[in-house]
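Engineer: File my_file_0.tsv follows (TSV, C-alpha atoms):
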chain	number	residue	atom	x	y	z
A	263	MET	CA	-48.31	-51.32	64.83
A	264	SER	CA	-46.30	-49.90	61.96
A	265	TRP	CA	-46.36	-51.43	58.51
A	266	THR	CA	-42.81	-52.61	58.99
A	267	GLU	CA	-43.88	-54.65	61.97
A	268	GLN	CA	-46.22	-56.68	59.86
A	269	LEU	CA	-45.28	-59.58	57.69
A	270	ASP	CA	-47.27	-58.69	54.65
A	271	ALA	CA	-47.15	-59.69	51.01
A	272	ARG	CA	-46.41	-56.60	48.95
A	273	SER	CA	-45.63	-55.84	45.36
A	274	CYS	CA	-42.01	-54.90	44.92
A	275	VAL	CA	-39.80	-54.13	41.97
A	276	LEU	CA	-36.47	-55.92	41.95
A	277	LEU	CA	-33.68	-53.86	40.47
A	278	ARG	CA	-30.10	-54.72	39.68
A	279	LEU	CA	-27.07	-52.61	40.52
A	280	GLY	CA	-23.91	-54.29	39.36
A	281	ASP	CA	-24.11	-57.88	40.58
A	282	ARG	CA	-26.48	-57.16	43.46
A	283	ARG	CA	-30.23	-56.96	43.57
A	284	PHE	CA	-32.33	-54.57	45.61
A	285	ALA	CA	-36.06	-53.95	45.85
A	286	LEU	CA	-38.31	-50.95	45.89
A	287	ALA	CA	-42.00	-50.95	46.81
A	288	ALA	CA	-43.93	-51.10	43.55
A	289	ASP	CA	-46.12	-48.15	44.52
A	290	GLN	CA	-42.98	-46.01	44.63
A	291	VAL	CA	-42.10	-46.85	41.05
A	292	SER	CA	-43.51	-44.71	38.32
A	293	GLU	CA	-41.94	-46.29	35.24
A	294	LEU	CA	-38.87	-47.93	33.80
A	295	VAL	CA	-37.35	-46.08	30.87
A	296	ALA	CA	-34.44	-46.61	28.51
A	297	PRO	CA	-31.50	-44.27	28.99
A	298	THR	CA	-32.24	-40.93	27.46
A	299	ARG	CA	-30.34	-37.72	27.01
A	300	MET	CA	-29.09	-36.34	30.30
A	301	PHE	CA	-28.84	-32.60	30.79
A	302	ARG	CA	-26.19	-31.26	33.12
A	303	PHE	CA	-25.98	-27.82	34.65
A	304	ALA	CA	-24.03	-26.29	37.49
A	305	HIS	CA	-25.14	-27.39	40.95
A	306	ARG	CA	-23.66	-28.50	44.24
A	307	THR	CA	-25.57	-31.69	45.08
A	308	PRO	CA	-22.99	-34.40	44.44
A	309	GLU	CA	-25.50	-37.25	44.40
A	310	ILE	CA	-27.25	-35.77	41.36
A	311	ASP	CA	-25.68	-36.52	37.98
A	312	GLY	CA	-28.01	-34.38	35.91
A	313	VAL	CA	-31.62	-34.35	34.82
A	314	ILE	CA	-33.67	-36.11	32.19
A	315	LEU	CA	-36.88	-35.01	30.54
A	316	ARG	CA	-39.77	-37.37	30.96
A	317	ARG	CA	-43.33	-36.54	29.92
A	318	GLY	CA	-42.54	-32.84	30.11
A	319	ARG	CA	-41.20	-33.18	33.61
A	320	VAL	CA	-37.60	-32.55	34.60
A	321	VAL	CA	-36.43	-35.53	36.65
A	322	PRO	CA	-33.12	-35.53	38.55
A	323	VAL	CA	-30.89	-38.57	38.04
A	324	CYS	CA	-29.51	-39.92	41.26
A	325	ASP	CA	-26.96	-42.73	41.10
A	326	VAL	CA	-27.44	-44.67	44.33
A	327	ALA	CA	-25.00	-47.42	43.31
A	328	GLU	CA	-22.06	-45.79	45.03
A	329	LYS	CA	-23.89	-45.82	48.35
A	330	LEU	CA	-25.21	-49.35	47.90
A	331	ILE	CA	-22.43	-51.27	46.17
A	332	GLY	CA	-19.49	-48.93	46.68
A	333	LYS	CA	-18.98	-47.93	43.04
A	334	ARG	CA	-20.78	-46.01	40.36
A	335	LEU	CA	-22.46	-47.87	37.55
A	336	THR	CA	-20.37	-48.14	34.41
A	337	SER	CA	-23.31	-49.16	32.26
A	338	ARG	CA	-26.85	-47.92	32.68
A	339	ARG	CA	-29.47	-50.08	31.17
A	340	TYR	CA	-32.57	-48.30	32.41
A	341	TYR	CA	-33.73	-45.48	34.58
A	342	LEU	CA	-36.20	-46.50	37.24
A	343	ILE	CA	-38.34	-43.43	37.79
A	344	SER	CA	-39.35	-43.42	41.43
A	345	LYS	CA	-41.79	-41.31	43.38
A	346	ARG	CA	-41.00	-39.64	46.67
A	347	ARG	CA	-43.72	-38.06	48.73
A	348	GLN	CA	-43.04	-35.44	51.34
A	349	GLU	CA	-45.06	-32.65	52.87
A	350	GLY	CA	-48.02	-33.60	50.73
A	351	ALA	CA	-46.10	-33.18	47.47
A	352	THR	CA	-44.69	-35.80	45.12
A	353	ASP	CA	-41.40	-35.54	43.36
A	354	TRP	CA	-39.57	-37.95	41.12
A	355	VAL	CA	-36.02	-39.22	40.94
A	356	ALA	CA	-34.52	-41.40	38.23
A	357	LEU	CA	-32.37	-44.23	39.57
A	358	PRO	CA	-29.95	-45.70	37.02
A	359	VAL	CA	-30.03	-49.50	37.12
A	360	SER	CA	-27.76	-51.92	35.35
A	361	GLY	CA	-30.13	-54.74	34.47
A	362	ASP	CA	-33.69	-55.84	33.97
A	363	CYS	CA	-36.24	-55.13	36.66
A	364	GLU	CA	-38.84	-57.60	37.87
A	365	LEU	CA	-42.18	-57.13	39.59
A	366	ILE	CA	-42.69	-59.64	42.39
A	367	GLN	CA	-44.96	-60.30	45.34
A	368	ALA	CA	-43.01	-60.97	48.50
A	369	ASP	CA	-43.39	-61.08	52.24
A	370	LEU	CA	-41.52	-58.26	53.90
A	371	THR	CA	-39.58	-58.54	57.10
A	372	PRO	CA	-39.17	-55.31	59.03
A	373	ALA	CA	-35.76	-53.72	59.19
A	374	GLY	CA	-34.11	-53.86	62.58
A	375	PRO	CA	-32.51	-51.04	64.54
A	376	SER	CA	-29.06	-52.23	63.53
A	377	ASP	CA	-29.84	-52.10	59.82
A	378	SER	CA	-28.60	-49.23	57.70
A	379	PRO	CA	-31.02	-46.31	57.31
A	380	HIS	CA	-31.42	-47.06	53.61
A	381	VAL	CA	-33.03	-50.43	54.45
A	382	ALA	CA	-36.80	-50.13	54.80
A	383	ALA	CA	-37.35	-53.89	55.04
A	384	TRP	CA	-36.08	-57.22	53.80
A	385	LEU	CA	-37.54	-59.78	51.45
A	386	SER	CA	-36.56	-63.23	50.40
A	387	HIS	CA	-36.69	-64.17	46.72
A	388	ASP	CA	-35.15	-67.10	44.82
A	389	GLY	CA	-33.08	-68.01	47.85
A	390	GLU	CA	-31.66	-64.51	48.09
A	391	VAL	CA	-32.26	-62.05	50.92
A	392	ILE	CA	-32.80	-58.63	49.40
A	393	GLU	CA	-32.89	-55.13	50.90
A	394	VAL	CA	-36.06	-53.14	50.27
A	395	LEU	CA	-34.80	-49.61	49.83
A	396	ASN	CA	-35.82	-46.53	51.73
A	397	LEU	CA	-35.57	-43.82	49.09
A	398	GLY	CA	-35.73	-41.08	51.67
A	399	ALA	CA	-32.45	-42.23	53.18
A	400	LEU	CA	-30.77	-42.84	49.84
A	401	THR	CA	-31.58	-39.77	47.83
A	402	PRO	CA	-30.85	-36.16	48.72
A	403	GLY	CA	-33.42	-33.64	49.84
A	404	ALA	CA	-35.78	-36.06	51.58
A	405	GLU	CA	-36.34	-36.97	55.19
A	406	PRO	CA	-35.51	-40.60	55.96
A	407	GLU	CA	-38.39	-42.71	57.12
A	408	ASP	CA	-38.67	-43.26	60.87
A	409	ARG	CA	-38.85	-47.02	60.68
A	410	GLY	CA	-39.83	-47.65	64.25
A	411	THR	CA	-42.77	-45.36	64.66
A	412	SER	CA	-44.29	-44.75	61.27
A	413	SER	CA	-47.81	-45.97	60.77
A	414	THR	CA	-48.05	-44.64	57.25
A	415	PRO	CA	-48.18	-47.06	54.32
A	416	MET	CA	-44.89	-47.64	52.57
A	417	ALA	CA	-45.57	-45.41	49.61
A	418	GLU	CA	-46.06	-42.43	51.86
A	419	VAL	CA	-43.19	-42.76	54.26
A	420	ASN	CA	-40.27	-42.76	51.88
A	421	GLY	CA	-39.66	-39.20	50.98
B	9	MET	CA	-76.70	-7.75	15.03
B	10	ARG	CA	-75.43	-10.57	17.20
B	11	PHE	CA	-71.90	-11.63	17.56
B	12	GLU	CA	-70.95	-15.21	18.12
B	13	GLN	CA	-69.73	-15.85	21.56
B	14	VAL	CA	-65.98	-16.23	21.57
B	15	HIS	CA	-64.53	-18.80	23.91
B	16	LYS	CA	-61.51	-17.28	25.51
B	17	THR	CA	-58.63	-19.62	26.18
B	18	PRO	CA	-56.67	-18.72	29.27
B	19	ALA	CA	-53.67	-16.62	28.35
B	20	VAL	CA	-50.38	-18.43	28.71
B	21	ARG	CA	-48.07	-16.55	31.01
B	22	THR	CA	-44.83	-15.91	29.25
B	23	GLU	CA	-41.61	-14.31	30.32
B	24	GLN	CA	-38.91	-12.78	28.17
B	25	ILE	CA	-35.54	-14.28	28.96
B	26	ILE	CA	-31.98	-13.84	27.84
B	27	LEU	CA	-29.96	-16.98	27.26
B	28	PHE	CA	-26.34	-16.38	28.09
B	29	ARG	CA	-23.19	-18.43	28.13
B	30	SER	CA	-20.64	-18.82	30.87
B	31	SER	CA	-17.84	-21.36	30.59
B	32	ASN	CA	-19.67	-23.18	27.78
B	33	GLN	CA	-22.86	-23.61	29.78
B	34	VAL	CA	-26.09	-21.89	28.94
B	35	PHE	CA	-28.20	-20.15	31.55
B	36	ALA	CA	-31.32	-18.02	31.33
B	37	ILE	CA	-32.14	-14.80	33.11
B	38	SER	CA	-35.32	-12.79	32.99
B	39	SER	CA	-34.75	-9.85	30.68
B	40	ALA	CA	-36.74	-7.71	33.12
B	41	SER	CA	-33.98	-8.15	35.67
B	42	VAL	CA	-31.26	-6.89	33.34
B	43	GLN	CA	-30.96	-3.13	33.32
B	44	GLU	CA	-28.00	-2.78	30.98
B	45	VAL	CA	-25.69	-4.94	28.95
B	46	ARG	CA	-22.20	-3.53	28.60
B	47	SER	CA	-19.01	-4.81	27.11
B	48	VAL	CA	-16.16	-5.39	29.51
B	49	ASP	CA	-14.03	-2.92	27.55
B	50	SER	CA	-16.55	-0.11	27.88
B	51	LEU	CA	-16.43	-0.33	31.67
B	52	SER	CA	-12.71	-0.80	32.15
B	53	GLY	CA	-12.21	2.88	32.99
B	54	ALA	CA	-14.98	2.90	35.57
B	55	SER	CA	-13.92	-0.20	37.45
B	56	MET	CA	-11.77	-0.69	40.48
B	57	GLU	CA	-10.08	-3.89	41.57
B	58	ILE	CA	-11.35	-5.29	44.82
B	59	ASN	CA	-10.06	-8.30	46.70
B	60	GLU	CA	-12.24	-9.53	49.52
B	61	ALA	CA	-11.09	-13.03	50.41
B	62	SER	CA	-14.50	-14.10	51.67
B	63	VAL	CA	-16.15	-13.22	48.33
B	64	PRO	CA	-13.85	-14.77	45.72
B	65	THR	CA	-16.40	-14.44	42.93
B	66	VAL	CA	-16.00	-10.64	42.95
B	67	ARG	CA	-12.82	-9.05	41.60
B	68	HIS	CA	-14.07	-5.69	40.40
B	69	MET	CA	-16.34	-2.91	41.50
B	70	LEU	CA	-17.98	-0.37	39.24
B	71	LYS	CA	-18.40	3.16	40.54
B	72	ARG	CA	-22.01	3.99	39.77
B	73	GLY	CA	-24.02	6.37	41.92
B	74	ALA	CA	-23.71	6.46	45.68
B	75	HIS	CA	-22.94	2.77	45.99
B	76	GLY	CA	-20.64	0.58	44.01
B	77	VAL	CA	-21.81	-2.24	41.80
B	78	TYR	CA	-19.95	-5.46	42.42
B	79	VAL	CA	-19.07	-7.58	39.43
B	80	VAL	CA	-19.69	-11.27	40.03
B	81	ASN	CA	-17.86	-13.65	37.75
B	82	ALA	CA	-20.60	-16.06	36.66
B	83	ALA	CA	-18.19	-18.93	35.98
B	84	LEU	CA	-16.70	-18.70	39.47
B	85	HIS	CA	-20.11	-18.25	41.04
B	86	PHE	CA	-21.40	-21.47	39.47
B	87	GLY	CA	-18.18	-23.35	40.17
B	88	LEU	CA	-17.28	-23.61	36.48
B	89	ARG	CA	-13.91	-23.31	34.81
B	90	PRO	CA	-12.97	-19.63	34.36
B	91	SER	CA	-13.46	-18.46	30.81
B	92	PRO	CA	-12.80	-15.24	28.92
B	93	ALA	CA	-15.73	-12.98	29.74
B	94	ALA	CA	-16.85	-10.31	27.33
B	95	LEU	CA	-20.07	-8.84	28.70
B	96	ILE	CA	-21.50	-7.53	31.93
B	97	PHE	CA	-25.18	-7.62	32.83
B	98	LEU	CA	-26.00	-4.79	35.19
B	99	LEU	CA	-28.87	-6.22	37.17
B	100	ARG	CA	-31.93	-4.23	38.15
B	101	LYS	CA	-32.71	-3.69	41.85
B	102	THR	CA	-29.43	-5.22	42.95
B	103	ARG	CA	-25.89	-3.96	43.23
B	104	VAL	CA	-24.62	-6.78	41.09
B	105	GLY	CA	-22.99	-6.85	37.70
B	106	LEU	CA	-22.73	-10.29	36.17
B	107	LEU	CA	-19.65	-11.10	34.13
B	108	ILE	CA	-20.56	-13.52	31.35
B	109	ASP	CA	-19.00	-14.88	28.19
B	110	GLY	CA	-21.73	-13.87	25.79
B	111	ILE	CA	-25.40	-13.76	24.90
B	112	GLU	CA	-26.91	-16.64	22.97
B	113	LYS	CA	-30.30	-15.13	22.23
B	114	MET	CA	-33.42	-13.58	23.64
B	115	THR	CA	-36.48	-15.77	23.78
B	116	THR	CA	-39.66	-16.44	25.70
B	117	MET	CA	-40.34	-19.10	28.28
B	118	THR	CA	-43.84	-20.31	29.00
B	119	ARG	CA	-43.12	-22.59	31.90
B	120	LEU	CA	-40.76	-22.43	34.84
B	121	GLN	CA	-40.42	-25.70	36.72
B	122	ALA	CA	-39.42	-25.57	40.34
B	123	LEU	CA	-36.12	-27.18	41.17
B	124	SER	CA	-36.65	-30.70	42.49
B	125	PRO	CA	-36.18	-31.01	46.27
B	126	ALA	CA	-33.42	-33.49	45.40
B	127	PHE	CA	-31.30	-30.45	44.64
B	128	CYS	CA	-30.59	-29.34	48.16
B	129	HIS	CA	-27.52	-27.10	48.18
B	130	GLU	CA	-26.58	-23.64	46.88
B	131	GLU	CA	-28.35	-24.24	43.60
B	132	ARG	CA	-31.62	-23.59	45.42
B	133	VAL	CA	-30.46	-19.98	45.84
B	134	TRP	CA	-28.78	-19.77	42.45
B	135	TYR	CA	-31.84	-20.68	40.40
B	136	ARG	CA	-35.49	-19.70	40.23
B	137	GLY	CA	-36.10	-23.01	38.51
B	138	LEU	CA	-35.63	-24.80	35.22
B	139	THR	CA	-37.19	-24.22	31.86
B	140	VAL	CA	-37.32	-26.41	28.79
B	141	LEU	CA	-36.52	-24.78	25.46
B	142	ASP	CA	-36.19	-26.76	22.23
B	143	GLN	CA	-35.88	-30.00	24.22
B	144	ASN	CA	-33.05	-28.53	26.32
B	145	VAL	CA	-33.19	-27.98	30.06
B	146	ILE	CA	-31.96	-24.51	30.98
B	147	PRO	CA	-31.50	-23.25	34.53
B	148	VAL	CA	-33.11	-19.85	35.12
B	149	VAL	CA	-30.90	-17.83	37.43
B	150	ASN	CA	-32.14	-15.91	40.42
B	151	PRO	CA	-30.85	-12.33	40.14
B	152	GLN	CA	-30.99	-11.98	43.93
B	153	GLY	CA	-28.86	-15.08	44.41
B	154	PHE	CA	-25.42	-13.78	43.50
B	155	LEU	CA	-24.45	-11.94	46.67
B	156	THR	CA	-25.89	-12.18	50.15
B	157	GLU	CA	-26.51	-9.15	52.34
B	158	GLN	CA	-23.54	-10.21	54.44
B	159	GLU	CA	-21.28	-10.42	51.38
B	160	LEU	CA	-22.42	-6.97	50.26
B	161	LEU	CA	-21.56	-5.57	53.69
B	162	GLN	CA	-18.12	-7.15	53.55
B	163	LEU	CA	-17.54	-5.83	50.04
B	164	ASP	CA	-18.72	-2.35	51.11
B	165	ALA	CA	-16.24	-2.39	54.00
B	166	THR	CA	-13.38	-3.45	51.72
B	167	ALA	CA	-14.35	-0.93	49.05
B	168	GLY	CA	-14.66	1.81	51.68
B	169	ALA	CA	-11.14	1.11	52.92
B	170	LEU	CA	-9.83	1.12	49.33
B	171	LEU	CA	-11.49	4.44	48.55
B	172	GLU	CA	-10.28	6.03	51.78
B	173	ALA	CA	-6.67	4.97	51.28
B	174	PRO	CA	-5.97	7.16	48.21
B	175	ALA	CA	-7.85	10.06	49.80
B	176	ALA	CA	-5.75	9.77	52.95
B	177	SER	CA	-2.51	9.56	51.01
B	178	ALA	CA	-3.60	12.56	48.89
B	179	SER	CA	-4.24	14.63	52.03
B	180	GLU	CA	-0.90	13.53	53.42
B	181	VAL	CA	0.72	14.69	50.19
B	182	GLY	CA	-1.07	18.02	50.59
B	183	LEU	CA	0.19	18.47	54.15
B	184	THR	CA	3.74	17.67	53.31
B	185	PRO	CA	5.60	20.76	52.17
For the file at hand, write its structure as structure tokens.

Structural biologist:
Amino acid sequence: MSWTEQLDARSCVLLRLGDRRFALAADQVSELVAPTRMFRFAHRTPEIDGVILRRGRVVPVCDVAEKLIGKRLTSRRYYLISKRRQEGATDWVALPVSGDCELIQADLTPAGPSDSPHVAAWLSHDGEVIEVLNLGALTPGAEPEDRGTSSTPMAEVNG
Amino acid sequence: MRFEQVHKTPAVRTEQIILFRSSNQVFAISSASVQEVRSVDSLSGASMEINEASVPTVRHMLKRGAHGVYVVNAALHFGLRPSPAALIFLLRKTRVGLLIDGIEKMTTMTRLQALSPAFCHEERVWYRGLTVLDQNVIPVVNPQGFLTEQELLQLDATAGALLEAPAASASEVGLTP
């Protein structure tokens, strides 16, 4: 049985993009930081806006709002620094978010085959049904999680 | 006489780099990969125009030795707005000259960070990685990333045809009474 087939209480971080809320597994979140100087250089990955420096590490900034809410964020309140793990290595991406983030415990419902690839699961919070994001499907350079067959814990399947 | 034991700290690996500008952006290149720095003016007599549609970043060839050196416009290569270039880096162990706007300075980098896997297009070939200097992130270019083998072959074919054309017309002139 894969983790997504279980109804399990997990820690998630709620994030706001425009007027919608999404969630990310808490163990995929490294930190929440105030907007800092972004460095831009020539590249051809359209999803990447630039990079920020965080604790000596260069972290690419990936605006996922366009994919999720259909428009780019006009105001960035924080960067949610998220971890992606693939091929035994960890890398980080900074997701701009437009509002406060909240750590919650919630029961997850597995995503169905008809759900978009960026949906890892669903949760219900304050009467709202919220998508738990699959970073691998949302950010460039990562393999999307195979939702139906994976038996790896959440933190290890996204990216 | 006894000497106090000296604790050796591991030597930090450093690399000399040249910071250069192209279209108002700063890049770094290992100084070891630059054989010569020439002004555009000093090479104007030794260059030949070349127009290979499949390699739009190259407009000139320098006649040096048995093979030509192809001049890659850095701004076009990196998809930046064309800018007035003043210098050419002749790169070591490649047949590439790099047309740039100017040199910022020479300095030393102590750390080269690999490009994040989130960057997943041509930039992976363009850059060896990123370095941080004075709280600025600078991409370190890959000297082997300017022209592919295939592009060099295409440029050689075009250059060969260009060089043969004047020779053929000269011999025709010689044959004509």

Engineer: Counting only C-alpha atoms, select every polymer residue within 7 Å of (-20.5, -12.0, 44.4) as defined in the file's coordinates, and provide the selection as a PyMOL selection string.

Structural biologist: chain B and resi 63+65-66+78-80+154-155

Engineer: If we count all atoms listed in the file and set the cut-off at 7 Å, which residues sit around Val42 of chain B, ignoring sequence neighbours fewer than 2 positions away in its own chain? Please answer as a ChimeraX atom specification.

Structural biologist: /B:39-40,44,97-100

Engineer: Given the selection you just returned, output its residues as a file containing C-alpha atoms, formatted as a PDB file, in the coordinates of the input.

Structural biologist:
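Result saved to out15.pdb:
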ATOM      1  CA  SER B  39     -34.750  -9.850  30.680  1.00  0.00           C
ATOM      2  CA  ALA B  40     -36.740  -7.710  33.120  1.00  0.00           C
ATOM      3  CA  GLU B  44     -28.000  -2.780  30.980  1.00  0.00           C
ATOM      4  CA  PHE B  97     -25.180  -7.620  32.830  1.00  0.00           C
ATOM      5  CA  LEU B  98     -26.000  -4.790  35.190  1.00  0.00           C
ATOM      6  CA  LEU B  99     -28.870  -6.220  37.170  1.00  0.00           C
ATOM      7  CA  ARG B 100     -31.930  -4.230  38.150  1.00  0.00           C
TER       8      ARG B 100
END

Engineer: Suppose you want the space between atom CA of Ser50 of chain B and atom CA of Thr116 of chain B; what is it in Å?

Structural biologist: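 So the answer is 28.4 Å.
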
Engineer: List as a PyMOL selection string the protein and nucleic acid residues near Ala36 of chain B, meaning an atom at most 7 Å away when only C-alpha atoms are counted, but skip any in the same chain fewer than 4 places from it.

Structural biologist: chain B and resi 25-28+146-149

Engineer: I need the residue nearest Ile314 of chain A from this list: B:Val133, B:Leu120, B:Leu138, B:Leu95. Use all atoms listed in the file for the distance.

Structural biologist: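 So, comparing all the options, the nearest one is B:Leu138.
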
Engineer: Pull out every residue of chain A that has at least one atom within 6 Å of chain B, counting only C-alpha atoms, and report them as an MDAnalysis selection string.

Structural biologist: chainID A and resid 304:307 402:403

Engineer: Between atom CA of Thr156 of chain B and atom CA of Ser31 of chain B, measure the distance and give it in Å to one decimal.

Structural biologist: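 For atom CA of Thr156 of chain B relative to atom CA of Ser31 of chain B, the distance reads 23.1 Å.
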
Engineer: Would you list the residues near (-30.1, -40.8, 50.1), meaning any protein, DNA or RNA residue with an atom at most 12 Å from that point in file coordinates, counting all atoms listed in the file, as an MDAnalysis selection string?

Structural biologist: (chainID A and resid 307:310 324:330 346 355 357 378:381 395:407 420:421) or (chainID B and resid 126:128)

Engineer: So which residues touch Arg339 of chain A within 12 Å, counting all atoms listed in the file, skipping near sequence neighbours fewer than 3 positions away, as a list of chain:residue names?

Structural biologist: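 In the requested form, the answer reads A:Leu277, A:Arg278, A:Leu279, A:Gly280, A:Leu294, A:Val295, A:Ala296, A:Pro297, A:Thr298, A:Leu335, A:Thr336, A:Leu342, A:Leu357, A:Pro358, A:Val359, A:Ser360, A:Gly361, A:Asp362, A:Cys363.
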
Engineer: Between atom CA of Leu286 of chain A and atom CA of Glu349 of chain A, measure the distance and give it in Å to one decimal.

Structural biologist: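 One can read the atom CA of Leu286 of chain A to atom CA of Glu349 of chain A distance as 20.7 Å.
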
Engineer: What lies within 9 Å of Ala368 of chain A using only C-alpha atoms, ignoring chain neighbours under 4 positions off, as number ranges by chain?

Structural biologist: A: 270-274, 385-387

Engineer: Based on the selection just made, write C-alpha atoms of those residues as an mmCIF file, keeping the file's coordinate frame.

Structural biologist:
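Now in result-v5.cif:
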data_model
loop_
_atom_site.group_PDB
_atom_site.id
_atom_site.type_symbol
_atom_site.label_atom_id
_atom_site.label_comp_id
_atom_site.auth_asym_id
_atom_site.auth_seq_id
_atom_site.Cartn_x
_atom_site.Cartn_y
_atom_site.Cartn_z
ATOM 1 C CA ASP A 270 -47.270 -58.690 54.650
ATOM 2 C CA ALA A 271 -47.150 -59.690 51.010
ATOM 3 C CA ARG A 272 -46.410 -56.600 48.950
ATOM 4 C CA SER A 273 -45.630 -55.840 45.360
ATOM 5 C CA CYS A 274 -42.010 -54.900 44.920
ATOM 6 C CA LEU A 385 -37.540 -59.780 51.450
ATOM 7 C CA SER A 386 -36.560 -63.230 50.400
ATOM 8 C CA HIS A 387 -36.690 -64.170 46.720
#
